[in-house]
2 protein chains.
Amino acid sequence: MNIGAAAKASGLSAKMIRHYESIGLLPAGVRADNGYRRYTARDLDTLRFVRHARELGFPLETIRDLLSLWQDQQRSSADVKRLALEQVAELDRRIADLTRMRDAIAALALRCHGDARPECPILNELQAPGHEPKGCSH
Amino acid sequence: MNIGAAAKASGLSAKMIRHYESIGLLPAGVRADNGYRRYTARDLDTLRFVRHARELGFPLETIRDLLSLWQDQQRSSADVKRLALEQVAELDRRIADLTRMRDAIAALALRCHGDARPECPILNELQAPGHEPKGCSH
DNA sequence: GCTTGACCTTCCCATGATGGCAAGGATGAA
DNA sequence: TTCATCCTTGCCATCATGGGAAGGTCAAGC
(Lines give C-alpha, C1' and ligand atoms only; values in the text may rest on other atoms or scores of the structure.)
Protein backbone atom coordinates (compact mmCIF):
# COMPACT_ATOMS: atom_id res chain seq x y z
CA MET A 1 0.00 0.00 0.00
CA ASN A 2 1.42 3.34 -1.09
CA ILE A 3 1.14 6.59 0.80
CA GLY A 4 -1.88 7.79 -1.17
CA ALA A 5 -3.95 4.74 -0.26
CA ALA A 6 -2.72 4.88 3.33
CA ALA A 7 -3.74 8.53 3.50
CA LYS A 8 -7.20 7.80 2.17
CA ALA A 9 -7.67 4.83 4.48
CA SER A 10 -6.45 6.66 7.58
CA GLY A 11 -8.04 10.03 6.99
CA LEU A 12 -4.69 11.81 7.15
CA SER A 13 -3.14 13.59 4.17
CA ALA A 14 -0.02 12.23 2.51
CA LYS A 15 1.63 15.47 3.55
CA MET A 16 0.84 14.84 7.18
CA ILE A 17 2.12 11.27 7.06
CA ARG A 18 5.43 12.39 5.58
CA HIS A 19 5.64 15.19 8.11
CA TYR A 20 4.95 12.88 11.06
CA GLU A 21 7.68 10.59 9.77
CA SER A 22 10.13 13.46 9.36
CA ILE A 23 9.72 14.56 12.98
CA GLY A 24 10.04 11.00 14.26
CA LEU A 25 6.43 10.65 15.36
CA LEU A 26 6.12 7.68 13.02
CA PRO A 27 8.95 5.22 12.28
CA ALA A 28 10.60 5.61 8.89
CA GLY A 29 9.32 2.23 7.70
CA VAL A 30 10.34 0.26 4.67
CA ARG A 31 10.56 1.50 1.10
CA ALA A 32 9.77 -0.32 -2.13
CA ASP A 33 12.50 -0.68 -4.72
CA ASN A 34 11.33 2.48 -6.43
CA GLY A 35 11.70 4.48 -3.23
CA TYR A 36 7.97 4.62 -2.45
CA ARG A 37 6.89 4.29 1.16
CA ARG A 38 4.98 1.06 1.85
CA TYR A 39 2.32 0.69 4.52
CA THR A 40 0.92 -2.46 6.11
CA ALA A 41 -2.38 -2.98 7.88
CA ARG A 42 -0.48 -2.59 11.15
CA ASP A 43 0.85 0.75 9.98
CA LEU A 44 -2.70 1.80 9.18
CA ASP A 45 -3.73 1.16 12.78
CA THR A 46 -1.02 3.54 13.90
CA LEU A 47 -2.02 6.18 11.37
CA ARG A 48 -5.64 5.98 12.50
CA PHE A 49 -4.57 6.20 16.13
CA VAL A 50 -2.73 9.40 15.34
CA ARG A 51 -5.69 10.81 13.45
CA HIS A 52 -8.09 10.14 16.30
CA ALA A 53 -5.72 11.73 18.78
CA ARG A 54 -5.42 14.78 16.52
CA GLU A 55 -9.19 15.01 16.33
CA LEU A 56 -9.23 15.32 20.10
CA GLY A 57 -6.78 18.20 19.86
CA PHE A 58 -3.75 16.47 21.33
CA PRO A 59 -0.54 18.16 20.16
CA LEU A 60 1.87 15.98 18.23
CA GLU A 61 4.34 15.90 21.12
CA THR A 62 1.68 14.43 23.37
CA ILE A 63 0.64 11.99 20.66
CA ARG A 64 4.23 10.82 20.67
CA ASP A 65 3.77 9.85 24.32
CA LEU A 66 0.34 8.35 23.70
CA LEU A 67 1.71 6.18 20.91
CA SER A 68 4.50 5.02 23.15
CA LEU A 69 2.04 4.08 25.91
CA TRP A 70 -0.28 2.44 23.41
CA GLN A 71 2.51 0.16 22.27
CA ASP A 72 3.75 -0.54 25.78
CA GLN A 73 2.04 -3.60 27.25
CA GLN A 74 3.53 -2.73 30.66
CA ARG A 75 1.98 0.76 30.72
CA SER A 76 -0.12 1.96 33.60
CA SER A 77 -3.43 3.54 32.71
CA ALA A 78 -2.60 6.26 35.22
CA ASP A 79 -0.02 7.64 32.80
CA VAL A 80 -2.58 7.78 30.01
CA LYS A 81 -5.18 9.36 32.24
CA ARG A 82 -2.72 12.00 33.36
CA LEU A 83 -2.05 13.03 29.74
CA ALA A 84 -5.78 13.11 29.05
CA LEU A 85 -6.53 15.27 32.08
CA GLU A 86 -3.71 17.65 31.21
CA GLN A 87 -5.25 18.01 27.76
CA VAL A 88 -8.66 18.67 29.31
CA ALA A 89 -7.08 21.36 31.47
CA GLU A 90 -5.36 22.92 28.48
CA LEU A 91 -8.59 22.91 26.48
CA ASP A 92 -10.43 24.43 29.45
CA ARG A 93 -7.89 27.25 29.56
CA ARG A 94 -8.30 27.96 25.88
CA ILE A 95 -12.08 27.75 26.04
CA ALA A 96 -12.10 30.16 28.98
CA ASP A 97 -9.92 32.61 27.09
CA LEU A 98 -12.04 32.49 23.96
CA THR A 99 -15.27 32.69 25.93
CA ARG A 100 -14.09 35.77 27.77
CA MET A 101 -13.28 37.44 24.45
CA ARG A 102 -16.51 36.30 22.87
CA ASP A 103 -18.68 37.61 25.68
CA ALA A 104 -16.84 40.94 25.77
CA ILE A 105 -17.36 41.52 22.06
CA ALA A 106 -20.94 40.29 22.09
CA ALA A 107 -21.74 42.69 24.97
CA LEU A 108 -20.29 45.59 23.02
CA ALA A 109 -22.10 44.60 19.84
CA LEU A 110 -25.38 44.53 21.73
CA ARG A 111 -24.91 48.17 22.63
CA CYS A 112 -23.94 49.21 19.11
CA HIS A 113 -26.80 50.53 17.02
CA GLY A 114 -25.30 49.16 13.83
CA ASP A 115 -26.75 51.89 11.65
CA ALA A 116 -25.36 54.54 9.32
CA ARG A 117 -24.19 56.83 12.12
CA PRO A 118 -20.54 56.90 13.21
CA GLU A 119 -21.25 56.69 16.96
CA CYS A 120 -20.05 53.26 18.10
CA PRO A 121 -19.55 51.84 21.61
CA ILE A 122 -17.29 49.14 20.19
CA LEU A 123 -14.72 51.61 18.91
CA ASN A 124 -15.09 53.71 22.04
CA GLU A 125 -14.26 50.71 24.17
CA LEU A 126 -11.26 49.73 22.08
CA GLN A 127 -10.02 53.29 22.40
CA ALA A 128 -10.54 53.56 26.16
CA PRO A 129 -11.70 50.39 27.91
CA GLY A 130 -13.96 50.86 30.88
CA HIS A 131 -15.16 54.32 29.94
CA GLU A 132 -18.51 52.92 28.89
CA PRO A 133 -19.46 50.49 31.62
CA LYS A 134 -21.95 47.79 30.76
CA GLY A 135 -24.51 48.88 33.29
CA CYS A 136 -24.56 52.57 32.42
CA SER A 137 -27.68 54.30 33.59
CA HIS A 138 -29.17 55.89 30.47
CA MET B 1 9.33 58.84 23.30
CA ASN B 2 11.33 55.84 22.07
CA ILE B 3 9.94 52.44 21.26
CA GLY B 4 10.75 50.98 24.68
CA ALA B 5 8.71 53.59 26.51
CA ALA B 6 5.92 53.31 23.95
CA ALA B 7 5.90 49.56 24.44
CA LYS B 8 5.69 49.87 28.20
CA ALA B 9 2.98 52.51 27.99
CA SER B 10 0.88 50.61 25.48
CA GLY B 11 1.26 47.10 26.80
CA LEU B 12 2.66 45.84 23.51
CA SER B 13 6.21 44.59 23.11
CA ALA B 14 8.73 46.55 21.05
CA LYS B 15 8.90 43.49 18.82
CA MET B 16 5.18 43.67 18.14
CA ILE B 17 5.25 47.39 17.40
CA ARG B 18 8.03 46.93 14.84
CA HIS B 19 6.19 43.96 13.36
CA TYR B 20 2.92 45.87 13.05
CA GLU B 21 4.79 48.66 11.31
CA SER B 22 6.51 46.22 8.95
CA ILE B 23 3.20 44.77 7.77
CA GLY B 24 1.65 48.20 7.36
CA LEU B 25 -0.78 47.89 10.25
CA LEU B 26 0.81 50.99 11.75
CA PRO B 27 2.23 53.90 9.72
CA ALA B 28 6.00 54.09 9.51
CA GLY B 29 6.11 57.33 11.49
CA VAL B 30 9.02 59.69 11.97
CA ARG B 31 12.54 58.82 13.06
CA ALA B 32 14.92 60.79 15.22
CA ASP B 33 18.30 61.80 13.78
CA ASN B 34 19.84 58.66 15.20
CA GLY B 35 17.31 56.47 13.40
CA TYR B 36 15.24 55.69 16.49
CA ARG B 37 11.48 55.53 16.09
CA ARG B 38 9.69 58.35 17.89
CA TYR B 39 6.17 58.09 19.31
CA THR B 40 3.77 60.83 20.29
CA ALA B 41 0.81 60.69 22.66
CA ARG B 42 -1.41 60.29 19.58
CA ASP B 43 0.64 57.30 18.48
CA LEU B 44 0.17 55.82 21.92
CA ASP B 45 -3.61 55.95 21.49
CA THR B 46 -3.27 53.91 18.33
CA LEU B 47 -0.97 51.40 19.99
CA ARG B 48 -3.40 50.97 22.85
CA PHE B 49 -6.28 50.56 20.42
CA VAL B 50 -4.41 47.74 18.73
CA ARG B 51 -3.61 46.09 22.03
CA HIS B 52 -7.23 46.16 23.16
CA ALA B 53 -8.38 44.72 19.86
CA ARG B 54 -5.77 41.93 20.16
CA GLU B 55 -6.99 41.19 23.68
CA LEU B 56 -10.42 40.55 22.20
CA GLY B 57 -8.86 38.09 19.77
CA PHE B 58 -9.28 40.09 16.59
CA PRO B 59 -6.76 39.00 13.93
CA LEU B 60 -4.38 41.68 12.72
CA GLU B 61 -6.12 41.86 9.33
CA THR B 62 -9.39 42.72 11.04
CA ILE B 63 -7.65 45.21 13.29
CA ARG B 64 -6.45 46.89 10.14
CA ASP B 65 -10.09 47.44 9.21
CA LEU B 66 -11.04 48.48 12.73
CA LEU B 67 -8.27 51.07 12.80
CA SER B 68 -9.42 52.41 9.49
CA LEU B 69 -13.00 52.74 10.73
CA TRP B 70 -11.85 54.25 14.01
CA GLN B 71 -10.04 56.99 12.15
CA ASP B 72 -12.87 57.55 9.68
CA GLN B 73 -15.29 60.18 10.97
CA GLN B 74 -17.69 59.22 8.17
CA ARG B 75 -17.88 55.57 9.19
CA SER B 76 -21.14 53.82 9.88
CA SER B 77 -21.38 51.87 13.10
CA ALA B 78 -22.98 49.08 11.07
CA ASP B 79 -19.58 48.29 9.53
CA VAL B 80 -17.98 48.05 12.96
CA LYS B 81 -20.80 45.93 14.30
CA ARG B 82 -20.51 43.56 11.36
CA LEU B 83 -16.82 42.97 12.06
CA ALA B 84 -17.60 42.42 15.73
CA LEU B 85 -20.34 39.90 15.01
CA GLU B 86 -18.16 38.05 12.55
CA GLN B 87 -15.54 37.77 15.27
CA VAL B 88 -18.16 36.50 17.71
CA ALA B 89 -19.16 33.87 15.16
CA GLU B 90 -15.55 32.85 14.63
CA LEU B 91 -14.95 32.58 18.36
CA ASP B 92 -18.14 30.54 18.71
CA ARG B 93 -16.88 28.12 16.09
CA ARG B 94 -13.58 27.69 17.86
CA ILE B 95 -15.19 27.36 21.26
CA ALA B 96 -17.54 24.71 19.90
CA ASP B 97 -14.63 22.75 18.42
CA LEU B 98 -12.61 22.88 21.61
CA THR B 99 -15.60 22.05 23.77
CA ARG B 100 -16.39 18.99 21.68
CA MET B 101 -12.81 17.78 22.10
CA ARG B 102 -12.76 18.61 25.78
CA ASP B 103 -15.97 16.74 26.54
CA ALA B 104 -14.88 13.72 24.53
CA ILE B 105 -11.60 13.42 26.41
CA ALA B 106 -13.17 14.13 29.78
CA ALA B 107 -15.75 11.38 29.18
CA LEU B 108 -12.99 8.92 28.36
CA ALA B 109 -10.91 9.95 31.34
CA LEU B 110 -13.89 9.37 33.62
CA ARG B 111 -14.01 5.75 32.51
CA CYS B 112 -10.27 5.20 32.91
CA HIS B 113 -9.26 3.70 36.24
CA GLY B 114 -5.99 5.57 36.22
CA ASP B 115 -4.15 2.92 38.18
CA ALA B 116 -1.09 0.72 37.61
CA ARG B 117 -2.89 -1.65 35.23
CA PRO B 118 -2.50 -1.30 31.44
CA GLU B 119 -6.23 -1.57 30.63
CA CYS B 120 -7.31 1.86 29.40
CA PRO B 121 -10.52 2.99 27.68
CA ILE B 122 -8.75 6.11 26.42
CA LEU B 123 -6.24 4.16 24.35
CA ASN B 124 -8.95 1.73 23.26
CA GLU B 125 -11.02 4.58 21.93
CA LEU B 126 -8.10 6.17 20.09
CA GLN B 127 -7.41 2.80 18.53
CA ALA B 128 -11.01 2.09 17.49
CA PRO B 129 -13.50 4.88 18.15
CA GLY B 130 -17.02 3.85 18.98
CA HIS B 131 -16.12 0.35 20.12
CA GLU B 132 -16.61 1.36 23.73
CA PRO B 133 -19.81 3.39 23.70
CA LYS B 134 -20.36 5.76 26.59
CA GLY B 135 -23.50 4.09 27.77
CA CYS B 136 -22.29 0.51 27.72
CA SER B 137 -24.32 -1.82 29.87
CA HIS B 138 -21.83 -3.36 32.33
C1' DG C 1 38.52 60.15 27.37
C1' DC C 2 36.99 55.54 28.37
C1' DT C 3 34.06 52.03 30.03
C1' DT C 4 29.74 50.10 31.06
C1' DG C 5 25.06 49.23 30.57
C1' DA C 6 20.83 50.14 28.59
C1' DC C 7 18.71 51.14 24.64
C1' DC C 8 18.03 51.14 19.66
C1' DT C 9 18.56 49.27 14.64
C1' DT C 10 18.00 45.36 11.07
C1' DC C 11 18.01 40.62 9.89
C1' DC C 12 17.40 35.75 10.39
C1' DC C 13 15.36 31.84 12.61
C1' DA C 14 11.88 29.22 15.51
C1' DT C 15 7.39 28.06 16.99
C1' DG C 16 2.79 24.27 15.47
C1' DA C 17 0.49 21.92 12.07
C1' DT C 18 -0.65 22.12 7.69
C1' DG C 19 -1.11 23.35 2.69
C1' DG C 20 0.81 24.64 -1.82
C1' DC C 21 3.85 24.33 -5.40
C1' DA C 22 7.76 22.97 -8.22
C1' DA C 23 10.98 19.82 -10.38
C1' DG C 24 11.77 15.37 -11.27
C1' DG C 25 11.16 10.14 -11.21
C1' DA C 26 7.88 5.87 -11.55
C1' DT C 27 3.97 3.44 -13.21
C1' DG C 28 0.42 1.88 -16.06
C1' DA C 29 -2.94 2.13 -19.70
C1' DA C 30 -4.35 3.61 -24.35
C1' DT D 1 4.86 7.31 -27.20
C1' DT D 2 2.10 9.85 -24.63
C1' DC D 3 -0.64 11.00 -20.94
C1' DA D 4 -2.49 10.77 -16.39
C1' DT D 5 -1.60 9.69 -11.99
C1' DC D 6 1.18 8.69 -8.43
C1' DC D 7 5.46 9.17 -5.83
C1' DT D 8 9.90 11.72 -4.18
C1' DT D 9 12.31 15.83 -1.92
C1' DG D 10 12.55 20.58 -0.89
C1' DC D 11 11.21 25.22 -0.21
C1' DC D 12 7.85 28.70 1.02
C1' DA D 13 3.46 30.41 3.32
C1' DT D 14 0.37 30.66 7.01
C1' DC D 15 -0.40 33.51 12.11
C1' DA D 16 1.54 36.24 15.74
C1' DT D 17 5.20 36.31 18.47
C1' DG D 18 9.76 35.55 20.72
C1' DG D 19 14.83 34.87 20.60
C1' DG D 20 19.13 36.19 19.43
C1' DA D 21 23.04 38.03 16.68
C1' DA D 22 25.71 41.96 15.16
C1' DG D 23 26.20 46.54 15.41
C1' DG D 24 25.04 51.66 16.33
C1' DT D 25 23.70 55.29 20.11
C1' DC D 26 23.45 57.44 24.34
C1' DA D 27 24.05 58.76 29.19
C1' DA D 28 26.20 58.13 33.58
C1' DG D 29 30.26 57.36 36.30
C1' DC D 30 35.22 57.08 36.72
# chains A, B, ... in the order shown; residues from 1 in each chain; ligands from 1
>>> closest_atom_pairs(of="chain B", to="chain C", cutoff="9 Å", atoms="only C-alpha atoms (C1' of nucleotides)", output="JSON lines")
{"residue": "B:Asn2", "atom": "CA", "partner": "C:DC8", "partner_atom": "C1'", "distance": 8.5}
{"residue": "B:Ile3", "atom": "CA", "partner": "C:DC8", "partner_atom": "C1'", "distance": 8.3}
{"residue": "B:Gly4", "atom": "CA", "partner": "C:DC7", "partner_atom": "C1'", "distance": 8.0}
{"residue": "B:Asn34", "atom": "CA", "partner": "C:DC8", "partner_atom": "C1'", "distance": 8.9}
{"residue": "B:Gly35", "atom": "CA", "partner": "C:DT9", "partner_atom": "C1'", "distance": 7.4}
{"residue": "B:Tyr36", "atom": "CA", "partner": "C:DC8", "partner_atom": "C1'", "distance": 6.2}
{"residue": "B:Arg37", "atom": "CA", "partner": "C:DC8", "partner_atom": "C1'", "distance": 8.7}
>>> closest_atom_pairs(of="chain D", to="chain A", cutoff="10 Å", atoms="only C-alpha atoms (C1' of nucleotides)", output="CSV")
residue,atom,partner,partner_atom,distance
D:DC6,C1',A:Gly4,CA,7.9
D:DC7,C1',A:Tyr36,CA,6.2
D:DT8,C1',A:Gly35,CA,7.5
>>> interface_residues(of="chain B", to="chain A", cutoff="8 Å", atoms="only C-alpha atoms", output="MDAnalysis selection string")
chainID B and resid 45:46 48:50 52:53 55:57 66 70 73:82 84:85 87:88 91:92 94:95 98:99 101:102 104:106 109 112:120 122:123 126:129
>>> write_last_selection(atoms="N, CA and C atoms", output="short mmCIF file (atom, residue, chain, number, x, y, z; two decimals), in the first residue's frame")
data_model
loop_
_atom_site.label_atom_id
_atom_site.label_comp_id
_atom_site.auth_asym_id
_atom_site.auth_seq_id
_atom_site.Cartn_x
_atom_site.Cartn_y
_atom_site.Cartn_z
N ASP B 45 -2.19 56.31 21.58
CA ASP B 45 -3.61 55.95 21.49
C ASP B 45 -3.82 54.83 20.49
N THR B 46 -3.14 54.95 19.36
CA THR B 46 -3.27 53.91 18.33
C THR B 46 -2.72 52.58 18.83
N ARG B 48 -2.49 51.54 21.85
CA ARG B 48 -3.40 50.97 22.85
C ARG B 48 -4.64 50.38 22.18
N PHE B 49 -5.13 51.08 21.17
CA PHE B 49 -6.28 50.56 20.42
C PHE B 49 -5.97 49.16 19.89
N VAL B 50 -4.80 49.04 19.29
CA VAL B 50 -4.41 47.74 18.73
C VAL B 50 -4.32 46.69 19.84
N HIS B 52 -5.91 46.55 22.68
CA HIS B 52 -7.23 46.16 23.16
C HIS B 52 -7.93 45.26 22.15
N ALA B 53 -7.75 45.57 20.88
CA ALA B 53 -8.38 44.72 19.86
C ALA B 53 -7.75 43.31 19.88
N GLU B 55 -6.52 41.87 22.47
CA GLU B 55 -6.99 41.19 23.68
C GLU B 55 -8.37 40.59 23.46
N LEU B 56 -9.11 41.13 22.51
CA LEU B 56 -10.42 40.55 22.20
C LEU B 56 -10.30 39.49 21.10
N GLY B 57 -9.07 39.19 20.70
CA GLY B 57 -8.86 38.09 19.77
C GLY B 57 -9.02 38.44 18.30
N LEU B 66 -10.52 47.75 11.57
CA LEU B 66 -11.04 48.48 12.73
C LEU B 66 -10.35 49.82 12.89
N TRP B 70 -12.03 53.39 12.82
CA TRP B 70 -11.85 54.25 14.01
C TRP B 70 -11.43 55.66 13.58
N GLN B 73 -14.16 59.50 10.32
CA GLN B 73 -15.29 60.18 10.97
C GLN B 73 -16.59 59.94 10.21
N GLN B 74 -16.49 59.46 8.99
CA GLN B 74 -17.69 59.22 8.17
C GLN B 74 -18.17 57.76 8.26
N ARG B 75 -17.54 57.00 9.11
CA ARG B 75 -17.88 55.57 9.19
C ARG B 75 -19.35 55.39 9.60
N SER B 76 -19.84 54.19 9.31
CA SER B 76 -21.14 53.82 9.88
C SER B 76 -20.90 52.73 10.91
N SER B 77 -21.58 52.84 12.02
CA SER B 77 -21.38 51.87 13.10
C SER B 77 -21.78 50.47 12.63
N ALA B 78 -22.59 50.39 11.59
CA ALA B 78 -22.98 49.08 11.07
C ALA B 78 -21.75 48.29 10.61
N ASP B 79 -20.79 48.98 10.00
CA ASP B 79 -19.58 48.29 9.53
C ASP B 79 -18.79 47.73 10.71
N VAL B 80 -18.70 48.52 11.77
CA VAL B 80 -17.98 48.05 12.96
C VAL B 80 -18.71 46.86 13.57
N LYS B 81 -20.01 46.99 13.67
CA LYS B 81 -20.80 45.93 14.30
C LYS B 81 -20.68 44.63 13.50
N ARG B 82 -20.65 44.75 12.19
CA ARG B 82 -20.51 43.56 11.36
C ARG B 82 -19.20 42.83 11.66
N ALA B 84 -17.52 42.98 14.38
CA ALA B 84 -17.60 42.42 15.73
C ALA B 84 -18.40 41.11 15.72
N LEU B 85 -19.50 41.11 15.00
CA LEU B 85 -20.34 39.90 15.01
C LEU B 85 -19.67 38.76 14.26
N GLN B 87 -16.52 38.29 14.31
CA GLN B 87 -15.54 37.77 15.27
C GLN B 87 -16.22 36.92 16.33
N VAL B 88 -17.40 37.32 16.76
CA VAL B 88 -18.16 36.50 17.71
C VAL B 88 -18.44 35.13 17.09
N LEU B 91 -15.27 33.08 17.03
CA LEU B 91 -14.95 32.58 18.36
C LEU B 91 -15.91 31.46 18.75
N ASP B 92 -17.18 31.60 18.40
CA ASP B 92 -18.14 30.54 18.71
C ASP B 92 -17.75 29.24 18.03
N ARG B 94 -14.76 28.27 17.21
CA ARG B 94 -13.58 27.69 17.86
C ARG B 94 -13.92 27.13 19.23
N ILE B 95 -14.78 27.85 19.95
CA ILE B 95 -15.19 27.36 21.26
C ILE B 95 -15.94 26.03 21.11
N LEU B 98 -13.39 23.24 20.43
CA LEU B 98 -12.61 22.88 21.61
C LEU B 98 -13.49 22.19 22.65
N THR B 99 -14.71 22.63 22.77
CA THR B 99 -15.60 22.05 23.77
C THR B 99 -15.93 20.59 23.41
N MET B 101 -14.00 18.56 21.76
CA MET B 101 -12.81 17.78 22.10
C MET B 101 -12.71 17.58 23.61
N ARG B 102 -12.90 18.66 24.33
CA ARG B 102 -12.76 18.61 25.78
C ARG B 102 -13.71 17.59 26.39
N ALA B 104 -15.18 15.08 24.95
CA ALA B 104 -14.88 13.72 24.53
C ALA B 104 -13.75 13.14 25.39
N ILE B 105 -12.72 13.93 25.60
CA ILE B 105 -11.60 13.42 26.41
C ILE B 105 -12.01 13.25 27.86
N ALA B 106 -12.76 14.21 28.38
CA ALA B 106 -13.17 14.13 29.78
C ALA B 106 -14.02 12.88 30.00
N ALA B 109 -11.72 9.95 30.13
CA ALA B 109 -10.91 9.95 31.34
C ALA B 109 -11.73 9.46 32.53
N CYS B 112 -11.60 5.80 32.75
CA CYS B 112 -10.27 5.20 32.91
C CYS B 112 -9.93 5.11 34.39
N HIS B 113 -9.54 3.90 34.82
CA HIS B 113 -9.26 3.70 36.24
C HIS B 113 -8.10 4.57 36.71
N GLY B 114 -7.12 4.74 35.83
CA GLY B 114 -5.99 5.57 36.22
C GLY B 114 -5.16 4.92 37.31
N ASP B 115 -4.95 3.61 37.18
CA ASP B 115 -4.15 2.92 38.18
C ASP B 115 -2.93 2.29 37.51
N ALA B 116 -2.33 1.30 38.13
CA ALA B 116 -1.09 0.72 37.61
C ALA B 116 -1.33 -0.29 36.49
N ARG B 117 -2.60 -0.65 36.25
CA ARG B 117 -2.89 -1.65 35.23
C ARG B 117 -2.88 -1.04 33.83
N PRO B 118 -2.60 -1.84 32.81
CA PRO B 118 -2.50 -1.30 31.44
C PRO B 118 -3.86 -1.05 30.79
N GLU B 119 -4.90 -1.73 31.24
CA GLU B 119 -6.23 -1.57 30.63
C GLU B 119 -6.65 -0.10 30.65
N CYS B 120 -7.04 0.42 29.46
CA CYS B 120 -7.31 1.86 29.40
C CYS B 120 -8.31 2.18 28.29
N ILE B 122 -9.20 4.97 27.24
CA ILE B 122 -8.75 6.11 26.42
C ILE B 122 -7.99 5.58 25.21
N LEU B 123 -7.02 4.72 25.46
CA LEU B 123 -6.24 4.16 24.35
C LEU B 123 -7.12 3.30 23.46
N LEU B 126 -8.95 5.59 21.13
CA LEU B 126 -8.10 6.17 20.09
C LEU B 126 -7.80 5.12 19.02
N GLN B 127 -7.71 3.88 19.47
CA GLN B 127 -7.41 2.80 18.53
C GLN B 127 -8.62 2.50 17.65
N ALA B 128 -9.80 2.45 18.24
CA ALA B 128 -11.01 2.09 17.49
C ALA B 128 -12.21 2.84 18.06
N PRO B 129 -12.43 4.03 17.59
CA PRO B 129 -13.50 4.88 18.15
C PRO B 129 -14.85 4.21 18.01
#
>>> select_by_dssp(residues="stretch 2-71 of chain A", states="alpha helix (DSSP H)", output="ChimeraX atom specification")
/A:3-10,14-22,41-55,60-70
